[in-house]
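Structure below is my_file25.cif: mmCIF, C-alpha atoms.
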data_target
#
loop_
_atom_site.label_atom_id
_atom_site.label_comp_id
_atom_site.auth_asym_id
_atom_site.auth_seq_id
_atom_site.Cartn_x
_atom_site.Cartn_y
_atom_site.Cartn_z
CA MET A 6 -13.50 -14.15 -9.91
CA GLU A 7 -11.67 -16.33 -7.41
CA ARG A 8 -13.20 -19.54 -8.67
CA ASP A 9 -11.77 -19.00 -12.13
CA LEU A 10 -8.42 -18.12 -10.70
CA VAL A 11 -8.12 -21.31 -8.69
CA GLU A 12 -9.41 -23.36 -11.57
CA TYR A 13 -6.94 -21.83 -14.00
CA ILE A 14 -3.93 -22.35 -11.76
CA ALA A 15 -4.96 -25.86 -10.76
CA LYS A 16 -5.49 -26.86 -14.37
CA SER A 17 -2.05 -25.57 -15.22
CA LEU A 18 -0.41 -27.69 -12.55
CA VAL A 19 -2.07 -31.09 -12.80
CA ASP A 20 -1.71 -33.99 -15.20
CA ASP A 21 -5.43 -34.32 -15.75
CA PRO A 22 -6.97 -30.86 -16.17
CA SER A 23 -10.35 -32.29 -17.07
CA ALA A 24 -10.75 -33.66 -13.56
CA VAL A 25 -10.32 -30.26 -11.93
CA THR A 26 -13.48 -28.83 -10.44
CA VAL A 27 -13.89 -25.86 -8.18
CA THR A 28 -17.16 -25.20 -6.41
CA ALA A 29 -17.87 -22.05 -4.49
CA VAL A 30 -19.92 -22.29 -1.32
CA GLU A 31 -21.12 -18.86 -0.29
CA GLY A 32 -21.39 -18.01 3.37
CA ASP A 33 -22.29 -14.77 5.11
CA LYS A 34 -18.81 -13.50 5.54
CA SER A 35 -16.76 -15.93 3.55
CA VAL A 36 -16.65 -17.91 0.37
CA MET A 37 -15.44 -21.45 0.58
CA LEU A 38 -13.80 -22.74 -2.57
CA GLU A 39 -13.65 -26.47 -2.81
CA LEU A 40 -10.99 -27.72 -5.15
CA ARG A 41 -11.22 -31.24 -6.43
CA VAL A 42 -8.57 -32.86 -8.61
CA ALA A 43 -7.85 -36.35 -9.88
CA GLU A 44 -6.57 -38.70 -7.21
CA GLY A 45 -3.03 -38.76 -8.47
CA ASP A 46 -2.87 -35.00 -8.78
CA VAL A 47 -3.62 -34.08 -5.18
CA GLY A 48 0.05 -33.80 -4.38
CA LYS A 49 0.54 -31.42 -7.27
CA VAL A 50 -1.81 -28.83 -5.86
CA ILE A 51 -0.60 -29.24 -2.29
CA GLY A 52 3.13 -29.56 -2.78
CA LYS A 53 5.87 -30.46 -0.34
CA HIS A 54 4.91 -29.22 3.10
CA GLY A 55 1.88 -27.58 1.50
CA ARG A 56 4.02 -25.07 -0.35
CA ILE A 57 1.82 -24.89 -3.41
CA ALA A 58 -1.40 -24.82 -1.40
CA LYS A 59 0.03 -22.00 0.66
CA ALA A 60 1.04 -20.06 -2.43
CA LEU A 61 -2.44 -20.56 -3.85
CA ARG A 62 -4.01 -19.16 -0.71
CA THR A 63 -1.61 -16.22 -0.71
CA ILE A 64 -2.51 -15.44 -4.31
CA LEU A 65 -6.19 -15.68 -3.41
CA SER A 66 -5.85 -13.30 -0.52
CA ALA A 67 -4.12 -10.81 -2.81
CA SER A 68 -6.74 -10.99 -5.49
CA ALA A 69 -8.81 -7.89 -6.05
CA SER A 70 -12.40 -8.87 -5.62
CA HIS A 71 -12.01 -10.68 -2.33
CA SER A 72 -12.20 -7.51 -0.27
CA ALA A 73 -15.81 -8.01 0.70
CA LYS A 74 -15.54 -11.62 1.76
CA ARG A 75 -12.90 -13.90 3.11
CA VAL A 76 -11.94 -16.66 0.75
CA VAL A 77 -11.22 -20.08 2.16
CA LEU A 78 -9.64 -22.68 -0.05
CA GLU A 79 -10.26 -26.31 0.73
CA ILE A 80 -8.55 -29.05 -1.20
CA LEU A 81 -10.65 -32.17 -1.19
CA ASP A 82 -9.45 -35.63 -1.94
CA MET B 13 35.06 20.50 -15.94
CA VAL B 14 33.32 21.14 -12.68
CA TYR B 15 29.71 20.59 -11.74
CA GLU B 16 27.81 20.90 -8.52
CA PHE B 17 25.24 18.49 -7.19
CA GLU B 18 23.11 18.11 -4.15
CA GLY B 19 21.47 15.21 -2.38
CA ARG B 20 20.19 14.06 0.95
CA THR B 21 23.26 11.97 1.53
CA GLU B 22 26.71 11.96 0.07
CA LYS B 23 26.00 8.75 -1.74
CA GLU B 24 22.77 10.01 -3.20
CA ALA B 25 24.42 13.16 -4.46
CA ILE B 26 27.13 11.11 -6.10
CA ASP B 27 24.58 8.86 -7.70
CA VAL B 28 22.69 11.82 -9.07
CA ALA B 29 25.92 13.21 -10.43
CA ALA B 30 26.86 9.93 -12.06
CA ALA B 31 23.45 9.59 -13.64
CA GLU B 32 23.24 13.13 -14.91
CA LEU B 33 26.68 13.14 -16.37
CA GLY B 34 26.34 9.65 -17.69
CA LEU B 35 29.64 8.62 -16.19
CA ALA B 36 30.72 5.73 -14.05
CA ARG B 37 31.70 6.47 -10.48
CA ASP B 38 35.40 6.12 -11.12
CA GLU B 39 35.42 8.60 -13.94
CA PHE B 40 35.15 11.69 -11.79
CA ASP B 41 36.45 13.07 -8.53
CA VAL B 42 34.18 14.33 -5.83
CA GLU B 43 34.78 17.20 -3.49
CA ILE B 44 32.34 17.68 -0.64
CA LEU B 45 31.41 21.33 -0.30
CA GLU B 46 28.97 21.24 2.52
CA THR B 47 27.43 18.63 4.75
CA GLN B 48 24.39 19.29 6.84
CA SER B 49 23.80 16.26 8.90
CA GLY B 50 20.16 15.46 9.41
CA GLY B 51 18.78 15.83 12.87
CA LEU B 52 16.25 13.49 14.30
CA PHE B 53 13.40 15.02 12.36
CA LYS B 54 15.37 16.90 9.78
CA LYS B 55 16.76 15.55 6.60
CA GLY B 56 20.41 16.20 5.97
CA LYS B 57 21.83 17.78 2.85
CA VAL B 58 25.10 17.31 1.07
CA ARG B 59 26.48 19.58 -1.61
CA LEU B 60 29.36 18.38 -3.62
CA ARG B 61 31.50 19.44 -6.52
CA VAL B 62 32.36 17.02 -9.23
CA HIS B 63 35.57 17.18 -11.22
CA VAL B 64 35.30 15.34 -14.45
CA HIS B 65 38.48 13.89 -15.87
CA SER B 66 39.38 15.78 -18.99
CA ASN B 67 39.15 12.79 -21.30
CA ALA B 68 35.56 12.01 -20.44
CA ARG B 69 33.00 14.42 -21.73
CA PRO B 70 29.69 14.71 -19.91
CA ALA B 71 26.49 13.75 -21.59
CA PRO B 72 23.50 15.96 -22.02
CA ILE B 73 21.63 15.84 -18.78
CA SER B 74 19.20 13.02 -18.84
CA GLU B 75 16.37 13.61 -16.49
CA ALA B 76 15.20 10.07 -16.61
CA ALA B 77 18.57 8.78 -15.56
CA ALA B 78 18.80 11.28 -12.74
CA ALA B 79 15.38 10.38 -11.46
CA GLN B 80 16.33 6.75 -11.59
CA ALA B 81 19.42 7.32 -9.54
CA ALA B 82 17.53 9.31 -6.95
CA GLY B 83 14.96 6.57 -6.66
CA ARG B 84 17.36 3.75 -6.16
CA PRO B 85 20.80 4.52 -4.89
CA ILE B 86 23.13 2.02 -6.49
CA PRO B 87 22.92 1.93 -10.26
CA GLU B 88 23.56 -1.69 -10.96
CA PRO B 89 24.44 -3.08 -14.31
CA ARG B 90 21.43 -5.33 -14.08
CA TYR B 91 19.08 -2.41 -14.52
CA ASP B 92 20.51 -1.92 -17.92
CA ARG B 93 18.76 -4.90 -19.31
CA GLU B 94 15.40 -3.28 -19.18
CA GLY B 95 16.64 0.17 -19.84
CA ARG B 96 18.59 -0.64 -22.89
CA GLU B 97 15.98 0.31 -25.46
CA SER B 98 15.85 3.88 -24.28
CA ARG B 99 19.56 3.94 -23.69
CA GLY B 100 20.43 2.62 -27.08
CA SER B 101 19.47 5.81 -28.82
CA ARG B 102 21.20 8.10 -26.37
CA ARG B 103 24.75 8.81 -27.23
CA ASP B 104 27.08 7.49 -24.66
CA PRO B 105 30.07 9.74 -24.08
CA ALA B 106 31.93 7.34 -21.87
CA GLY B 107 32.55 4.97 -24.68
CA ASP B 108 34.71 2.70 -22.58
CA ARG B 109 31.83 1.90 -20.28
CA PRO B 110 30.82 -1.72 -20.73
CA GLU B 111 27.76 -1.97 -22.92
CA PRO B 112 24.81 -3.15 -20.90
CA ARG B 113 25.03 -6.76 -21.94
CA PRO B 114 24.96 -7.25 -25.65
CA VAL B 115 21.48 -7.18 -27.05
CA GLN B 116 21.06 -10.84 -27.62
CA PRO B 117 19.34 -12.01 -30.68
CA ALA B 118 17.15 -14.04 -28.38
CA ARG B 119 15.90 -16.36 -31.01
CA ALA B 120 19.30 -17.36 -32.22
CA ALA B 121 20.76 -17.73 -28.76
CA ASN B 122 17.97 -19.88 -27.47
CA PRO B 123 17.58 -23.52 -28.20
CA GLU B 124 14.64 -24.73 -30.23
CA GLY B 125 11.36 -24.49 -28.39
CA ALA B 126 12.53 -21.93 -25.86
CA ASP B 127 10.39 -19.25 -27.42
CA GLU B 128 7.32 -21.32 -27.01
CA PHE B 129 8.25 -22.06 -23.41
CA GLU B 130 8.77 -18.40 -22.66
CA ALA B 131 5.50 -17.49 -24.28
CA LYS B 132 3.71 -20.04 -22.12
CA ILE B 133 5.35 -18.77 -18.96
CA LEU B 134 4.51 -15.18 -19.76
CA GLU B 135 0.96 -16.12 -20.54
CA PHE B 136 0.62 -18.04 -17.28
CA VAL B 137 1.76 -15.03 -15.28
CA LYS B 138 -0.42 -12.62 -17.21
CA THR B 139 -3.53 -14.75 -17.02
CA THR B 140 -3.07 -15.45 -13.33
CA VAL B 141 -2.64 -11.80 -12.47
CA GLU B 142 -5.57 -10.82 -14.65
CA LYS B 143 -7.75 -13.42 -13.02
CA MET B 144 -6.72 -11.90 -9.72
CA GLY B 145 -8.38 -8.79 -11.04
CA TYR B 146 -5.42 -6.64 -12.03
CA ALA B 147 -4.48 -5.43 -15.47
CA CYS B 148 -0.82 -6.03 -16.15
CA GLU B 149 1.92 -6.33 -18.72
CA VAL B 150 4.55 -9.04 -18.66
CA ALA B 151 7.81 -9.28 -20.53
CA VAL B 152 11.09 -11.14 -20.40
CA LEU B 153 13.44 -9.24 -18.15
CA PHE B 154 16.57 -11.29 -18.69
CA ARG B 155 17.74 -14.63 -19.94
CA GLU B 156 20.54 -16.45 -18.26
CA ASP B 157 21.85 -19.95 -18.45
CA LYS B 158 19.54 -21.45 -15.85
CA LYS B 159 17.42 -18.46 -15.09
CA LEU B 160 14.62 -16.60 -16.74
CA GLY B 161 13.61 -13.20 -15.48
CA VAL B 162 10.04 -12.10 -15.93
CA ARG B 163 9.04 -8.54 -15.50
CA LEU B 164 5.57 -7.73 -14.25
CA ASP B 165 4.25 -4.23 -14.76
CA SER B 166 1.00 -3.15 -13.26
CA GLU B 167 -0.42 -0.09 -11.64
CA HIS B 168 -1.27 -2.37 -8.75
CA ALA B 169 2.33 -3.48 -8.38
CA SER B 170 2.38 -2.76 -4.67
CA ILE B 171 -0.41 -5.26 -4.05
CA LEU B 172 1.12 -7.79 -6.38
CA ILE B 173 4.41 -7.55 -4.53
CA GLY B 174 2.71 -7.74 -1.16
CA LYS B 175 4.10 -7.37 2.30
CA LYS B 176 7.78 -8.30 2.16
CA GLY B 177 7.28 -9.64 -1.32
CA LYS B 178 4.91 -12.34 -0.11
CA ASN B 179 2.57 -12.22 -3.09
CA LEU B 180 5.37 -11.95 -5.61
CA ASP B 181 7.03 -14.98 -3.99
CA ALA B 182 3.80 -16.98 -4.16
CA LEU B 183 3.35 -16.13 -7.82
CA GLN B 184 6.96 -16.99 -8.49
CA LEU B 185 6.62 -20.35 -6.77
CA LEU B 186 3.56 -21.23 -8.84
CA VAL B 187 5.19 -20.20 -12.09
CA ASN B 188 8.24 -22.30 -11.22
CA VAL B 189 6.07 -25.33 -10.60
CA TYR B 190 4.35 -24.62 -13.90
CA GLY B 191 7.71 -24.27 -15.63
CA GLY B 192 8.76 -27.59 -14.15
CA ARG B 193 5.63 -29.17 -15.54
CA LEU B 194 6.58 -27.92 -18.98
CA GLY B 195 9.73 -29.94 -18.63
CA ARG B 196 12.14 -27.28 -17.48
CA GLU B 197 12.91 -28.26 -13.91
CA ASP B 198 16.44 -27.00 -14.42
CA LEU B 199 15.33 -23.45 -15.08
CA ARG B 200 14.60 -21.02 -12.31
CA ILE B 201 12.09 -18.33 -13.05
CA VAL B 202 12.38 -15.03 -11.28
CA ILE B 203 9.49 -12.59 -11.29
CA ASP B 204 10.22 -9.01 -10.52
CA SER B 205 8.05 -5.95 -10.40
CA GLU B 206 9.27 -2.38 -10.01
CA ASN B 207 12.75 -3.76 -9.33
CA TYR B 208 11.54 -5.06 -6.00
CA ARG B 209 14.02 -7.92 -5.89
CA ILE B 210 17.00 -5.74 -6.64
CA ARG B 211 15.91 -3.10 -4.17
CA ARG B 212 15.37 -5.78 -1.55
CA GLU B 213 18.82 -7.18 -2.16
CA GLU B 214 20.37 -3.76 -1.70
CA ALA B 215 18.41 -3.22 1.47
CA LEU B 216 19.58 -6.57 2.83
CA VAL B 217 23.22 -5.87 2.08
CA LYS B 218 22.84 -2.60 3.91
CA LEU B 219 21.10 -4.30 6.80
CA ALA B 220 23.93 -6.84 6.98
CA TYR B 221 26.60 -4.17 7.26
CA GLU B 222 24.60 -2.21 9.79
CA SER B 223 24.08 -5.32 11.91
CA ALA B 224 27.78 -6.09 11.78
CA GLU B 225 28.53 -2.59 12.99
CA LYS B 226 26.04 -2.86 15.83
CA VAL B 227 27.40 -6.19 16.92
CA ARG B 228 30.93 -4.89 16.79
CA ARG B 229 29.92 -2.13 19.16
CA SER B 230 27.89 -4.20 21.54
CA ARG B 231 30.23 -7.21 21.35
CA GLY B 232 27.15 -9.32 21.63
CA SER B 233 24.85 -10.71 19.00
CA LEU B 234 21.83 -9.61 17.06
CA LEU B 235 18.91 -11.69 15.83
CA LEU B 236 17.44 -10.51 12.55
CA GLU B 237 13.87 -10.93 11.38
CA PRO B 238 12.71 -14.18 9.84
CA MET B 239 13.76 -14.40 6.21
CA ASN B 240 13.48 -16.87 3.39
CA PRO B 241 16.52 -18.84 2.22
CA PHE B 242 17.38 -16.47 -0.57
CA GLU B 243 17.33 -13.48 1.72
CA ARG B 244 19.35 -15.25 4.41
CA ARG B 245 21.94 -16.20 1.86
CA ILE B 246 22.49 -12.55 1.02
CA ILE B 247 23.16 -11.78 4.69
CA HIS B 248 25.53 -14.72 5.06
CA THR B 249 27.52 -14.00 1.92
CA THR B 250 27.72 -10.29 2.63
CA LEU B 251 29.21 -10.87 6.05
CA ASN B 252 31.27 -13.86 5.03
CA ASP B 253 34.32 -11.74 4.31
CA ILE B 254 34.11 -9.74 7.50
CA VAL B 255 36.58 -11.17 9.92
CA ASP B 256 35.24 -10.17 13.29
CA VAL B 257 31.62 -11.20 12.91
CA GLU B 258 29.95 -14.50 12.29
CA THR B 259 26.49 -15.43 11.07
CA LYS B 260 24.28 -18.35 11.97
CA SER B 261 20.76 -19.37 11.07
CA GLU B 262 18.37 -20.18 13.86
CA GLY B 263 14.98 -21.77 13.88
CA GLU B 264 13.08 -24.28 11.84
CA GLY B 265 11.32 -24.32 8.52
CA LEU B 266 11.46 -22.04 5.54
CA TYR B 267 11.65 -18.79 7.44
CA LYS B 268 14.65 -18.98 9.73
CA GLN B 269 16.32 -16.10 11.46
CA VAL B 270 19.91 -15.07 11.02
CA ARG B 271 21.94 -14.24 14.10
CA VAL B 272 24.95 -11.99 13.69
CA LEU B 273 27.57 -12.60 16.39
CA TRP B 274 30.71 -10.80 17.40
CA LYS B 275 33.76 -12.97 17.11
CA GLY B 276 36.47 -10.50 17.92
CA ALA B 277 39.67 -9.83 16.08
CA LYS B 278 41.40 -12.91 17.35
CA ARG B 279 44.19 -14.48 15.34
#

Rewritten as structure tokens:
Amino acid sequence: MERDLVEYIAKSLVDDPSAVTVTAVEGDKSVMLELRVAEGDVGKVIGKHGRIAKALRTILSASASHSAKRVVLEILD
Amino acid sequence: MVYEFEGRTEKEAIDVAAAELGLARDEFDVEILETQSGGLFKKGKVRLRVHVHSNARPAPISEAAAAQAAGRPIPEPRYDREGRESRGSRRDPAGDRPEPRPVQPARAANPEGADEFEAKILEFVKTTVEKMGYACEVAVLFREDKKLGVRLDSEHASILIGKKGKNLDALQLLVNVYGGRLGREDLRIVIDSENYRIRREEALVKLAYESAEKVRRSRGSLLLEPMNPFERRIIHTTLNDIVDVETKSEGEGLYKQVRVLWKGAKR
């Protein structure tokens, strides 16, 4: 499940894992995953020039169960 | 002693010979018997005869080794790290061949706490891949001073590697960030699956030489595909020693392109 995947990775990368929440918003053709982290941790899930965010999205697009629907990852601050 | 081998190319035939006899390339002489060059739609064939120096005795034919050589042309010492368990039991006739890196008593060689760190890294990779929906096995591939190699085995390896290694690179980036968070910013973690990285490196070296040859003929320049810094570095260093060509990176960002230019044999 993509939600778990994002949550697991995000929790591994931030200082405050307890503040990590991922909510899935289902659409017709896509699932939007909204990732929320503690204020000071936003940079840790985005990275320089969005490197980490990009890697996260790449990993998501390679994950097995996404075939039916497009997965969109939004990082909210 | 004389043996005969066959392969699609001369190099492949030699590799097969080396693998089957269990000898290093410089331990035998090669005589080409027949070369059928491949046409446009036809594969070529090379038959060759191998003369083994009298002091080296050939090993029993190891099918696994032969298959390995056929699959990937240049047997590099680095492969030995993973292959050493199986190799350890096989008797090695060419005793003077360097042992594939002494089997390190990992625990003793590593500083305190390294085991725990490695375990965490392996678990991170395994859990991530499993949460992606693929069963996998992970293991330490190699340990170097500032580098840790992680080997990822899965029947879905092709997806996990991705187009041009995109997915493997993403996973590697995340695990490096994670490693940094565990307090090891100095350590670079390399994830490999099905020897992708080594195969890619070989392919890039080949591409570099081929580009140099093309440029030499055209006396112009050639722009290669966009590559990441690591891949570009391989092109640059490969062609660094070649006098009559020059390499330059063009473009912005992470994925720049390398241009190979003809410089001529001046001076």

**Atom-to-atom span, atom CA of B:Leu153 and atom CA of B:Ala36, Å** = 23.2 Å

**Complete:** Restricting to only C-alpha atoms, whichever of B:Arg200, B:Gly265, B:Gly145, B:Tyr190 is closest to A:Lys16 is B:Tyr190

Please, which residues in chain A fall within 8 Å of chain B when counting all atoms listed in the file, and what is the closest atom pair and distance in Å to one decimal for each, ordered by chain then residue number, as JSON lines?
{"residue": "A:Met6", "atom": "CA", "partner": "B:Lys143", "partner_atom": "CA", "distance": 6.6}
{"residue": "A:Glu7", "atom": "CA", "partner": "B:Met144", "partner_atom": "CA", "distance": 7.0}
{"residue": "A:Asp9", "atom": "CA", "partner": "B:Lys143", "partner_atom": "CA", "distance": 6.9}
{"residue": "A:Leu10", "atom": "CA", "partner": "B:Lys143", "partner_atom": "CA", "distance": 5.3}
{"residue": "A:Tyr13", "atom": "CA", "partner": "B:Thr140", "partner_atom": "CA", "distance": 7.5}
{"residue": "A:Ile14", "atom": "CA", "partner": "B:Thr140", "partner_atom": "CA", "distance": 7.1}
{"residue": "A:Ser17", "atom": "CA", "partner": "B:Tyr190", "partner_atom": "CA", "distance": 6.6}
{"residue": "A:Leu18", "atom": "CA", "partner": "B:Tyr190", "partner_atom": "CA", "distance": 5.8}
{"residue": "A:Ile57", "atom": "CA", "partner": "B:Leu186", "partner_atom": "CA", "distance": 6.8}
{"residue": "A:Lys59", "atom": "CA", "partner": "B:Ala182", "partner_atom": "CA", "distance": 7.9}
{"residue": "A:Ala60", "atom": "CA", "partner": "B:Ala182", "partner_atom": "CA", "distance": 4.5}
{"residue": "A:Leu61", "atom": "CA", "partner": "B:Ala182", "partner_atom": "CA", "distance": 7.2}
{"residue": "A:Thr63", "atom": "CA", "partner": "B:Asn179", "partner_atom": "CA", "distance": 6.3}
{"residue": "A:Ile64", "atom": "CA", "partner": "B:Asn179", "partner_atom": "CA", "distance": 6.1}
{"residue": "A:Leu65", "atom": "CA", "partner": "B:Met144", "partner_atom": "CA", "distance": 7.4}
{"residue": "A:Ala67", "atom": "CA", "partner": "B:Ile171", "partner_atom": "CA", "distance": 6.8}
{"residue": "A:Ser68", "atom": "CA", "partner": "B:Met144", "partner_atom": "CA", "distance": 4.3}
{"residue": "A:Ala69", "atom": "CA", "partner": "B:Gly145", "partner_atom": "CA", "distance": 5.1}
{"residue": "A:Ser70", "atom": "CA", "partner": "B:Gly145", "partner_atom": "CA", "distance": 6.7}

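The gap separating atom CA of B:Gln269 from atom CA of B:Leu219 is 13.6 Å, in Å to one decimal.
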
**Prompt:** Applied to this file, what does the PyMOL selection byres ((chain A and resi 49) around 9) return in terms of residues, put as a ChimeraX atom specification?
**Reply:** /A:15,18-20,45-48,50-53,57 /B:189

Once the PyMOL selection byres ((chain A and resi 22-34) around 8) has been evaluated on this model, what residues remain selected, and can you format them as an mmCIF file with C-alpha atoms, in the frame of the given file?
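The resulting selection04.cif:
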data_model
loop_
_atom_site.group_PDB
_atom_site.id
_atom_site.type_symbol
_atom_site.label_atom_id
_atom_site.label_comp_id
_atom_site.auth_asym_id
_atom_site.auth_seq_id
_atom_site.Cartn_x
_atom_site.Cartn_y
_atom_site.Cartn_z
ATOM 1 C CA ARG A 8 -13.200 -19.540 -8.670
ATOM 2 C CA VAL A 11 -8.120 -21.310 -8.690
ATOM 3 C CA GLU A 12 -9.410 -23.360 -11.570
ATOM 4 C CA ALA A 15 -4.960 -25.860 -10.760
ATOM 5 C CA LYS A 16 -5.490 -26.860 -14.370
ATOM 6 C CA SER A 17 -2.050 -25.570 -15.220
ATOM 7 C CA VAL A 19 -2.070 -31.090 -12.800
ATOM 8 C CA ASP A 20 -1.710 -33.990 -15.200
ATOM 9 C CA ASP A 21 -5.430 -34.320 -15.750
ATOM 10 C CA SER A 35 -16.760 -15.930 3.550
ATOM 11 C CA VAL A 36 -16.650 -17.910 0.370
ATOM 12 C CA MET A 37 -15.440 -21.450 0.580
ATOM 13 C CA LEU A 38 -13.800 -22.740 -2.570
ATOM 14 C CA GLU A 39 -13.650 -26.470 -2.810
ATOM 15 C CA LEU A 40 -10.990 -27.720 -5.150
ATOM 16 C CA ARG A 41 -11.220 -31.240 -6.430
ATOM 17 C CA VAL A 42 -8.570 -32.860 -8.610
ATOM 18 C CA ALA A 43 -7.850 -36.350 -9.880
ATOM 19 C CA ALA A 73 -15.810 -8.010 0.700
ATOM 20 C CA LYS A 74 -15.540 -11.620 1.760
ATOM 21 C CA ARG A 75 -12.900 -13.900 3.110
#

The PyMOL selection byres ((chain B and resi 216) around 10) applied to the shown file, residues as a PDB file with C-alpha atoms, in the coordinates of the input:
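Saved file expr.pdb follows:
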ATOM      1  CA  ILE B 210      17.000  -5.740  -6.640  1.00  0.00           C
ATOM      2  CA  ARG B 211      15.910  -3.100  -4.170  1.00  0.00           C
ATOM      3  CA  ARG B 212      15.370  -5.780  -1.550  1.00  0.00           C
ATOM      4  CA  GLU B 213      18.820  -7.180  -2.160  1.00  0.00           C
ATOM      5  CA  GLU B 214      20.370  -3.760  -1.700  1.00  0.00           C
ATOM      6  CA  ALA B 215      18.410  -3.220   1.470  1.00  0.00           C
ATOM      7  CA  VAL B 217      23.220  -5.870   2.080  1.00  0.00           C
ATOM      8  CA  LYS B 218      22.840  -2.600   3.910  1.00  0.00           C
ATOM      9  CA  LEU B 219      21.100  -4.300   6.800  1.00  0.00           C
ATOM     10  CA  ALA B 220      23.930  -6.840   6.980  1.00  0.00           C
ATOM     11  CA  TYR B 221      26.600  -4.170   7.260  1.00  0.00           C
ATOM     12  CA  GLU B 222      24.600  -2.210   9.790  1.00  0.00           C
ATOM     13  CA  GLU B 243      17.330 -13.480   1.720  1.00  0.00           C
ATOM     14  CA  ARG B 244      19.350 -15.250   4.410  1.00  0.00           C
ATOM     15  CA  ARG B 245      21.940 -16.200   1.860  1.00  0.00           C
ATOM     16  CA  ILE B 246      22.490 -12.550   1.020  1.00  0.00           C
ATOM     17  CA  ILE B 247      23.160 -11.780   4.690  1.00  0.00           C
ATOM     18  CA  THR B 250      27.720 -10.290   2.630  1.00  0.00           C
TER      19      THR B 250
END

Box time for stretch 229-248 of chain B: axis-aligned, enclosing all its listed atoms, 3 Å extra on each side; report centre and edge lengths in Å to one decimal, as lines of an AutoDock Vina configuration file.
center_x = 21.5
center_y = -10.5
center_z = 10.5
size_x = 23.5
size_y = 22.7
size_z = 28.2

**Between atom CA of B:Arg59 and atom CA of B:Leu45 - distance in Å to one decimal** = 5.4 Å

Can you pull out the residues contacting B:Ala29? Cut-off 8 Å, using all atoms listed in the file, and skip same-chain residues under 3 positions away; I want them as a PDB file with C-alpha atoms, in the frame of the given file.
ATOM      1  CA  PHE B  17      25.240  18.490  -7.190  1.00  0.00           C
ATOM      2  CA  ALA B  25      24.420  13.160  -4.460  1.00  0.00           C
ATOM      3  CA  ILE B  26      27.130  11.110  -6.100  1.00  0.00           C
ATOM      4  CA  GLU B  32      23.240  13.130 -14.910  1.00  0.00           C
ATOM      5  CA  LEU B  33      26.680  13.140 -16.370  1.00  0.00           C
ATOM      6  CA  VAL B  62      32.360  17.020  -9.230  1.00  0.00           C
ATOM      7  CA  ALA B  78      18.800  11.280 -12.740  1.00  0.00           C
TER       8      ALA B  78
END
